[in-house]
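Source file: protein.csv. Holds: CSV, C-alpha atoms.
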```csv
chain,number,residue,atom,x,y,z
A,1,MET,CA,-23.1,12.7,23.1
A,2,PRO,CA,-20.7,14.9,25.2
A,3,ALA,CA,-17.2,15.2,23.6
A,4,SER,CA,-15.4,13.6,26.5
A,5,LEU,CA,-17.8,10.6,26.4
A,6,GLY,CA,-17.5,10.3,22.7
A,7,ARG,CA,-13.7,10.3,22.9
A,8,SER,CA,-13.8,7.6,25.6
A,9,TRP,CA,-16.0,5.5,23.5
A,10,ARG,CA,-13.7,5.8,20.5
A,11,ILE,CA,-10.7,4.7,22.6
A,12,LEU,CA,-12.6,1.7,23.8
A,13,ALA,CA,-14.0,0.9,20.4
A,14,THR,CA,-10.5,1.2,18.8
A,15,ALA,CA,-9.2,-1.3,21.3
A,16,LEU,CA,-12.0,-3.7,20.6
A,17,ALA,CA,-11.5,-3.3,16.8
A,18,PHE,CA,-7.8,-4.0,16.9
A,19,ALA,CA,-8.2,-6.9,19.3
A,20,SER,CA,-10.7,-8.4,16.9
A,21,PHE,CA,-8.3,-7.9,14.1
A,22,GLY,CA,-5.5,-9.7,16.0
A,23,LEU,CA,-7.9,-12.6,16.9
A,24,GLY,CA,-8.9,-12.9,13.3
A,25,GLY,CA,-5.3,-13.1,12.1
A,26,MET,CA,-4.5,-15.8,14.7
A,27,LEU,CA,-7.5,-17.9,13.6
A,28,LEU,CA,-6.4,-17.8,10.0
A,29,TRP,CA,-2.9,-18.8,11.0
A,30,LEU,CA,-4.0,-21.6,13.4
A,31,MET,CA,-7.0,-23.0,11.5
A,32,LEU,CA,-7.5,-21.9,7.9
A,33,PHE,CA,-4.0,-21.8,6.5
A,34,PRO,CA,-3.0,-25.3,7.9
A,35,ALA,CA,-6.2,-26.7,6.4
A,36,LEU,CA,-5.3,-25.1,3.0
A,37,ASN,CA,-1.8,-26.7,3.3
A,38,LEU,CA,-3.4,-30.1,3.8
A,39,LEU,CA,-6.2,-29.9,1.3
A,40,VAL,CA,-4.9,-27.8,-1.6
A,41,ARG,CA,-1.9,-29.3,-3.3
A,42,ASP,CA,-1.5,-26.6,-6.0
A,43,ARG,CA,0.7,-23.9,-4.5
A,44,GLY,CA,-0.7,-21.1,-6.8
A,45,ARG,CA,-4.3,-21.9,-5.9
A,46,ARG,CA,-3.4,-22.2,-2.2
A,47,THR,CA,-1.9,-18.7,-2.3
A,48,TRP,CA,-4.9,-17.3,-4.2
A,49,LEU,CA,-7.3,-18.8,-1.6
A,50,ALA,CA,-5.2,-17.4,1.3
A,51,ARG,CA,-5.2,-13.9,-0.3
A,52,ARG,CA,-9.0,-14.2,-0.8
A,53,ALA,CA,-9.4,-15.1,2.9
A,54,VAL,CA,-7.2,-12.1,4.0
A,55,GLN,CA,-9.2,-9.8,1.7
A,56,ARG,CA,-12.5,-10.9,3.4
A,57,LEU,CA,-11.0,-10.5,6.8
A,58,PHE,CA,-9.8,-7.0,6.0
A,59,ARG,CA,-13.2,-6.1,4.5
A,60,ALA,CA,-14.8,-7.3,7.7
A,61,PHE,CA,-12.4,-5.2,9.8
A,62,ILE,CA,-13.2,-2.1,7.8
A,63,GLY,CA,-16.9,-2.8,8.2
A,64,TRP,CA,-16.5,-3.4,11.9
A,65,MET,CA,-14.7,-0.1,12.4
A,66,ARG,CA,-17.5,1.6,10.4
A,67,LEU,CA,-20.1,0.0,12.5
A,68,LEU,CA,-18.4,1.0,15.7
A,69,GLY,CA,-18.5,4.6,14.5
A,70,LEU,CA,-14.7,4.9,14.2
A,71,ILE,CA,-14.5,5.6,10.5
A,72,SER,CA,-16.5,6.6,7.4
A,73,TYR,CA,-15.2,6.6,3.8
A,74,ASP,CA,-15.9,7.3,0.2
A,75,ILE,CA,-14.0,5.7,-2.8
A,76,GLN,CA,-13.6,7.3,-6.2
A,77,GLY,CA,-12.5,5.3,-9.2
A,78,ARG,CA,-13.0,1.9,-7.5
A,79,GLU,CA,-13.7,0.3,-10.9
A,80,ARG,CA,-10.0,0.9,-11.9
A,81,LEU,CA,-9.0,-1.6,-9.3
A,82,HIS,CA,-11.1,-4.4,-10.9
A,83,ARG,CA,-8.3,-5.5,-13.2
A,84,GLY,CA,-5.4,-7.8,-13.0
A,85,GLY,CA,-1.7,-7.3,-13.2
A,86,LEU,CA,-1.7,-3.8,-11.6
A,87,LEU,CA,1.1,-1.9,-10.0
A,88,ILE,CA,-0.7,0.1,-7.4
A,89,LEU,CA,1.2,3.0,-5.7
A,90,ALA,CA,-0.4,4.9,-2.8
A,91,ASN,CA,0.5,7.5,-0.3
A,92,HIS,CA,0.6,6.4,3.3
A,93,PRO,CA,-1.0,8.7,5.9
A,94,THR,CA,-2.4,6.1,8.4
A,95,LEU,CA,-2.0,2.7,9.9
A,96,ILE,CA,-4.8,1.1,8.1
A,97,ASP,CA,-4.1,2.2,4.5
A,98,VAL,CA,-2.9,-1.3,3.5
A,99,VAL,CA,-6.0,-2.8,5.1
A,100,PHE,CA,-8.2,-0.6,2.9
A,101,LEU,CA,-6.4,-1.4,-0.3
A,102,ILE,CA,-6.2,-5.2,0.2
A,103,ALA,CA,-9.9,-5.1,1.1
A,104,LEU,CA,-10.6,-3.4,-2.3
A,105,VAL,CA,-8.2,-5.4,-4.5
A,106,ARG,CA,-8.6,-9.1,-5.5
A,107,ASN,CA,-5.4,-11.3,-5.6
A,108,ALA,CA,-3.5,-8.5,-3.9
A,109,ASP,CA,0.2,-8.9,-3.3
A,110,CYS,CA,2.2,-6.3,-1.4
A,111,VAL,CA,5.6,-5.4,0.0
A,112,VAL,CA,5.5,-5.6,3.8
A,113,LYS,CA,8.0,-5.1,6.6
A,114,SER,CA,10.1,-8.2,7.2
A,115,THR,CA,9.2,-8.0,10.9
A,116,LEU,CA,5.6,-8.9,10.0
A,117,ALA,CA,6.8,-12.3,8.9
A,118,SER,CA,7.8,-13.1,12.6
A,119,ASN,CA,5.0,-11.3,14.4
A,120,PRO,CA,2.6,-14.0,15.8
A,121,PHE,CA,-0.5,-12.0,14.8
A,122,THR,CA,0.7,-11.4,11.2
A,123,ARG,CA,3.2,-14.1,10.2
A,124,GLY,CA,0.4,-16.6,9.3
A,125,PRO,CA,-1.2,-14.3,6.7
A,126,VAL,CA,2.2,-13.0,5.4
A,127,ARG,CA,3.6,-16.5,4.8
A,128,ALA,CA,0.4,-18.1,3.4
A,129,THR,CA,-0.3,-15.2,1.0
A,130,GLY,CA,3.3,-15.0,-0.3
A,131,TYR,CA,3.5,-11.3,0.5
A,132,ILE,CA,7.0,-9.9,-0.3
A,133,CYS,CA,9.2,-8.9,2.6
A,134,ASN,CA,11.1,-5.6,2.1
A,135,ASN,CA,14.6,-7.1,2.4
A,136,SER,CA,16.8,-4.7,0.4
A,137,GLY,CA,18.7,-5.6,-2.8
A,138,ALA,CA,18.1,-7.1,-6.1
A,139,GLU,CA,16.0,-10.0,-4.6
A,140,LEU,CA,13.2,-7.6,-3.6
A,141,LEU,CA,13.2,-6.0,-7.1
A,142,GLN,CA,13.0,-9.4,-8.8
A,143,SER,CA,10.3,-10.7,-6.5
A,144,CYS,CA,8.1,-7.6,-7.3
A,145,MET,CA,8.7,-8.1,-11.0
A,146,ASP,CA,7.8,-11.8,-10.7
A,147,SER,CA,4.6,-10.9,-8.9
A,148,LEU,CA,3.6,-8.6,-11.8
A,149,ALA,CA,4.5,-11.2,-14.4
A,150,ALA,CA,2.2,-13.6,-12.6
A,151,SER,CA,-0.7,-11.2,-13.0
A,152,GLY,CA,-0.8,-10.3,-9.3
A,153,ASN,CA,-1.9,-6.9,-8.2
A,154,LEU,CA,1.1,-5.4,-6.4
A,155,ILE,CA,0.5,-2.7,-3.8
A,156,ILE,CA,3.5,-0.5,-2.8
A,157,PHE,CA,3.8,2.6,-0.6
A,158,PRO,CA,6.6,4.5,-2.3
A,159,GLU,CA,7.3,6.5,0.9
A,160,GLY,CA,8.3,3.3,2.6
A,161,THR,CA,6.6,4.3,5.8
A,162,ARG,CA,3.8,6.5,7.0
A,163,THR,CA,4.2,10.2,6.5
A,164,ARG,CA,4.5,12.3,9.7
A,165,PRO,CA,1.9,15.0,9.9
A,166,GLY,CA,3.1,18.3,8.5
A,167,GLU,CA,6.2,16.8,6.9
A,168,PRO,CA,6.8,16.9,3.1
A,169,MET,CA,6.3,13.7,1.1
A,170,ARG,CA,9.5,11.8,0.4
A,171,MET,CA,9.4,9.0,-2.2
A,172,GLN,CA,11.9,6.2,-2.2
A,173,ARG,CA,13.1,5.2,-5.7
A,174,GLY,CA,12.3,1.4,-5.4
A,175,ALA,CA,8.7,1.7,-6.7
A,176,ALA,CA,9.8,3.6,-9.7
A,177,GLN,CA,12.6,1.2,-10.4
A,178,ILE,CA,10.1,-1.7,-10.4
A,179,ALA,CA,7.8,0.2,-12.8
A,180,THR,CA,10.6,1.2,-15.2
A,181,ARG,CA,12.4,-2.2,-15.3
A,182,ALA,CA,9.1,-4.1,-15.7
A,183,ALA,CA,7.8,-1.4,-18.2
A,184,GLN,CA,4.6,-1.5,-16.0
A,185,ASP,CA,2.1,1.4,-16.0
A,186,ILE,CA,1.2,2.7,-12.5
A,187,THR,CA,-2.3,2.8,-10.9
A,188,PRO,CA,-2.1,5.7,-8.4
A,189,VAL,CA,-4.2,5.8,-5.3
A,190,THR,CA,-4.5,8.9,-3.1
A,191,ILE,CA,-5.6,8.4,0.5
A,192,ARG,CA,-6.7,11.2,2.7
A,193,CYS,CA,-7.9,11.0,6.3
A,194,GLU,CA,-9.7,13.8,8.1
A,195,PRO,CA,-9.2,14.5,10.9
A,196,LEU,CA,-5.8,12.7,10.7
A,197,GLY,CA,-5.6,9.7,13.0
A,198,LEU,CA,-3.6,6.5,13.3
A,199,SER,CA,-0.7,8.4,11.9
A,200,LYS,CA,3.0,7.9,12.4
A,201,GLY,CA,4.1,8.8,16.0
A,202,GLN,CA,0.5,8.8,17.2
A,203,PRO,CA,-0.5,6.1,19.7
A,204,TRP,CA,-3.8,4.4,18.8
A,205,TRP,CA,-5.4,5.4,22.1
A,206,GLN,CA,-5.1,9.1,21.2
A,207,ALA,CA,-8.6,9.2,19.7
A,208,ALA,CA,-9.5,12.0,17.3
A,209,SER,CA,-12.1,14.6,18.1
A,210,ARG,CA,-14.6,12.8,15.8
A,211,ARG,CA,-14.8,9.8,13.5
A,212,LEU,CA,-12.1,9.5,10.9
A,213,HIS,CA,-13.3,10.0,7.3
A,214,PHE,CA,-11.2,8.4,4.6
A,215,ARG,CA,-11.3,9.7,1.0
A,216,ILE,CA,-9.7,7.2,-1.4
A,217,CYS,CA,-9.2,8.3,-5.0
A,218,VAL,CA,-8.0,5.8,-7.7
A,219,GLY,CA,-6.5,7.9,-10.5
A,220,GLU,CA,-6.0,7.3,-14.2
A,221,ASP,CA,-3.0,5.1,-14.9
A,222,ILE,CA,0.4,6.8,-15.2
A,223,ALA,CA,2.2,5.6,-18.4
A,224,VAL,CA,5.8,4.6,-17.9
A,225,ALA,CA,6.8,4.4,-21.5
A,226,PRO,CA,7.3,8.2,-21.9
A,227,PHE,CA,9.9,8.2,-19.1
A,228,LEU,CA,11.8,5.3,-20.7
A,229,GLN,CA,11.7,7.0,-24.1
A,230,ALA,CA,12.9,10.3,-22.8
A,231,CYS,CA,15.8,8.7,-21.0
A,232,GLY,CA,17.0,6.5,-23.9
A,233,ASP,CA,15.6,3.4,-22.4
A,234,GLU,CA,17.9,3.7,-19.4
A,235,PRO,CA,15.8,2.4,-16.5
A,236,ALA,CA,18.0,3.9,-13.7
A,237,LEU,CA,17.6,7.5,-15.1
A,238,ALA,CA,14.0,6.9,-15.9
A,239,ALA,CA,13.4,5.8,-12.3
A,240,ARG,CA,14.9,9.0,-10.9
A,241,ARG,CA,12.7,11.1,-13.1
A,242,LEU,CA,9.6,9.0,-12.4
A,243,THR,CA,10.3,9.3,-8.7
A,244,ASP,CA,10.3,13.1,-9.0
A,245,TYR,CA,7.1,13.0,-11.0
A,246,LEU,CA,5.4,10.7,-8.4
A,247,THR,CA,6.5,13.0,-5.5
A,248,GLU,CA,4.9,16.0,-7.3
A,249,TYR,CA,1.8,14.0,-8.3
A,250,PHE,CA,1.0,12.7,-4.8
A,251,SER,CA,1.8,16.0,-3.2
A,252,ASN,CA,-0.5,17.8,-5.6
A,253,GLN,CA,-3.3,15.2,-5.2
A,254,ARG,CA,-3.0,15.4,-1.4
A,255,GLY,CA,-3.4,19.2,-1.5
A,256,LYS,CA,-6.3,18.9,-4.0
A,257,HIS,CA,-8.1,16.5,-1.7
A,258,ALA,CA,-7.4,18.7,1.3
A,259,GLY,CA,-9.2,21.5,-0.4
A,260,LEU,CA,-12.3,19.4,-0.9
A,261,GLY,CA,-12.8,18.8,2.8
A,262,ALA,CA,-14.2,15.7,4.4
```

Give the structure from this file in structure tokens form.
Amino acid sequence: MPASLGRSWRILATALAFASFGLGGMLLWLMLFPALNLLVRDRGRRTWLARRAVQRLFRAFIGWMRLLGLISYDIQGRERLHRGGLLILANHPTLIDVVFLIALVRNADCVVKSTLASNPFTRGPVRATGYICNNSGAELLQSCMDSLAASGNLIIFPEGTRTRPGEPMRMQRGAAQIATRAAQDITPVTIRCEPLGLSKGQPWWQAASRRLHFRICVGEDIAVAPFLQACGDEPALAARRLTDYLTEYFSNQRGKHAGLGA
């Protein structure tokens, strides 16, 4: 297929994929979630079923993008995500990172932008699943700790937003504060996309020269206890040191994966 024709197809297919995604979200909001509210009285089970529905939708979306020839992927260490009560931290190079992770993780909880709770395409899933909005302050920290205590699998992007291509990784301290205050080990996930697409500042219609290949690596857990012990059980100081460690860890992993190629 000529390069220009292939790029045109990817633009059209990307529009089709995201339109399908929006339609799926609307159907969940208008049909499934109201039915759950009527038929399932237990709030915890209702939330679990809503998260399961979102997971299946996201799996279908990833499969649809693959079928359309937009993406390919390989996943290393997937079995480490088949546990409960995880604090999953990941780097954030593309628009669909959270879609990949929720598709892979059962009973996934995550911190999302507060604007998603009012967006007509996303507010249904966000409200029904009980996802945590990133309002600042102690309330956010407590909500995250409550999620872990309830054996949810909490997904956080410590950068807070997608990394701009070519810029160094900058970690916010919130994720490390949650880990140290909850004394919760971290399950790190490194995501690489080659060629880079759907990145910050890049419109979705700027299709890449070829299909995007995602390499997702789930690393060994990072123990938090050594950071607390080294800092005399002072969570604030431990969080600062853990943030520095996470910045170095993800920067090194990103470089390591870059050397492997796609």

Item to complete: Pick out the closest residue to A:Ala19 from this set: A:Gln206, A:Val111, A:Cys231, A:Met65. Count all atoms listed in the file.
Response: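 Ranked by minimum distance to A:Ala19, first place goes to A:Met65.
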
Worksheet item: Closest to A:Arg7 among A:Leu30, A:Ala183, A:Ala236, A:Leu70, using only C-alpha atoms?
Response: A:Leu70

Fill in: Pick from A:Asp109, A:Asp74, A:Glu159, A:Glu79 nearest to A:Glu194, counting all atoms listed in the file
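Checking each of A:Asp109, A:Asp74, A:Glu159, A:Glu79 against A:Glu194, counting all atoms listed in the file, the winner is A:Asp74.
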
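Atom pair atom CA of A:Leu12 / atom CA of A:Val54: separated by 24.7 Å.
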
Practice prompt. May I ask which of the residues A:Pro158, A:Pro226, A:Gly77, A:Gly130 is the closest one to A:Thr243, counting all atoms listed in the file?
Written response: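 Once distances to A:Thr243 are computed over all atoms listed in the file, the minimum belongs to A:Pro158.
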
Practice prompt. Would you mind listing what lies within 10 Å of A:Ser8 as a ChimeraX atom specification, with only C-alpha atoms counted and same-chain residues fewer than 6 positions away left out?
Written response: /A:14,205-207

Include C-alpha atoms and write out the residues we just selected as a PDB file, in the frame of the given file.
```pdb
ATOM      1  CA  THR A  14     -10.500   1.200  18.800  1.00  0.00           C
ATOM      2  CA  TRP A 205      -5.400   5.400  22.100  1.00  0.00           C
ATOM      3  CA  GLN A 206      -5.100   9.100  21.200  1.00  0.00           C
ATOM      4  CA  ALA A 207      -8.600   9.200  19.700  1.00  0.00           C
TER       5      ALA A 207
END
```

Item to complete: Have a look at A:Asn252, A:Asn134, A:Thr187, A:Thr161 and name the one nearest to A:Glu220; count only C-alpha atoms.
Response: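 Of the candidates, the smallest distance to A:Glu220 is held by A:Thr187.
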
Fill in: Residue nearest A:Ala50 among A:Leu141, A:Leu242, A:Leu86, A:Leu28 (counting all atoms listed in the file)
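The shortest atom-to-atom distance to A:Ala50 comes from A:Leu28.
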
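Atom CA of A:Leu32 lies 28.3 Å from atom CA of A:Phe157.
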
Worksheet item: Interatomic distance between atom CA of A:Ala108 and atom CA of A:Gly152?
Response: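 Those two atoms sit 6.3 Å apart.
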
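Excluding A:Gln142 itself and same-chain residues fewer than 5 positions from it, the residues having an atom within 12 Å of it are A:Ile132, A:Asn134, A:Asn135, A:Ser136, A:Gly137, A:Ser147, A:Leu148, A:Ala149, A:Gly174, A:Gln177, A:Ile178, A:Ala179, A:Arg181, A:Ala182, counting all atoms listed in the file.
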
Worksheet item: So which residues touch A:Trp204 within 10 Å, counting all atoms listed in the file, skipping near sequence neighbours fewer than 4 positions away, as a list of chain:residue names?
Response: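 The filter keeps A:Ile11, A:Thr14, A:Ala15, A:Phe18, A:Leu95, A:Gly197, A:Leu198, A:Ser199, A:Lys200, A:Ala208.
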
Item to complete: Find the residues around A:Ile96 up to 12 Å (only C-alpha atoms counted), leave out those fewer than 2 positions away in its own chain, and share them as a PyMOL selection string.
Response: chain A and resi 17-18+21+58-59+61-62+65+71+91-94+98-103+162+191-193+196-200+204+212+214

Worksheet entry | Contacts of A:Gly84 within 9 Å, all atoms listed in the file, excl. fewer than 4 positions in-chain, as a list in words |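 Using all atoms listed in the file, the neighbours found are Arg106, Asn107, Ser151, Gly152 and Asn153 of chain A.
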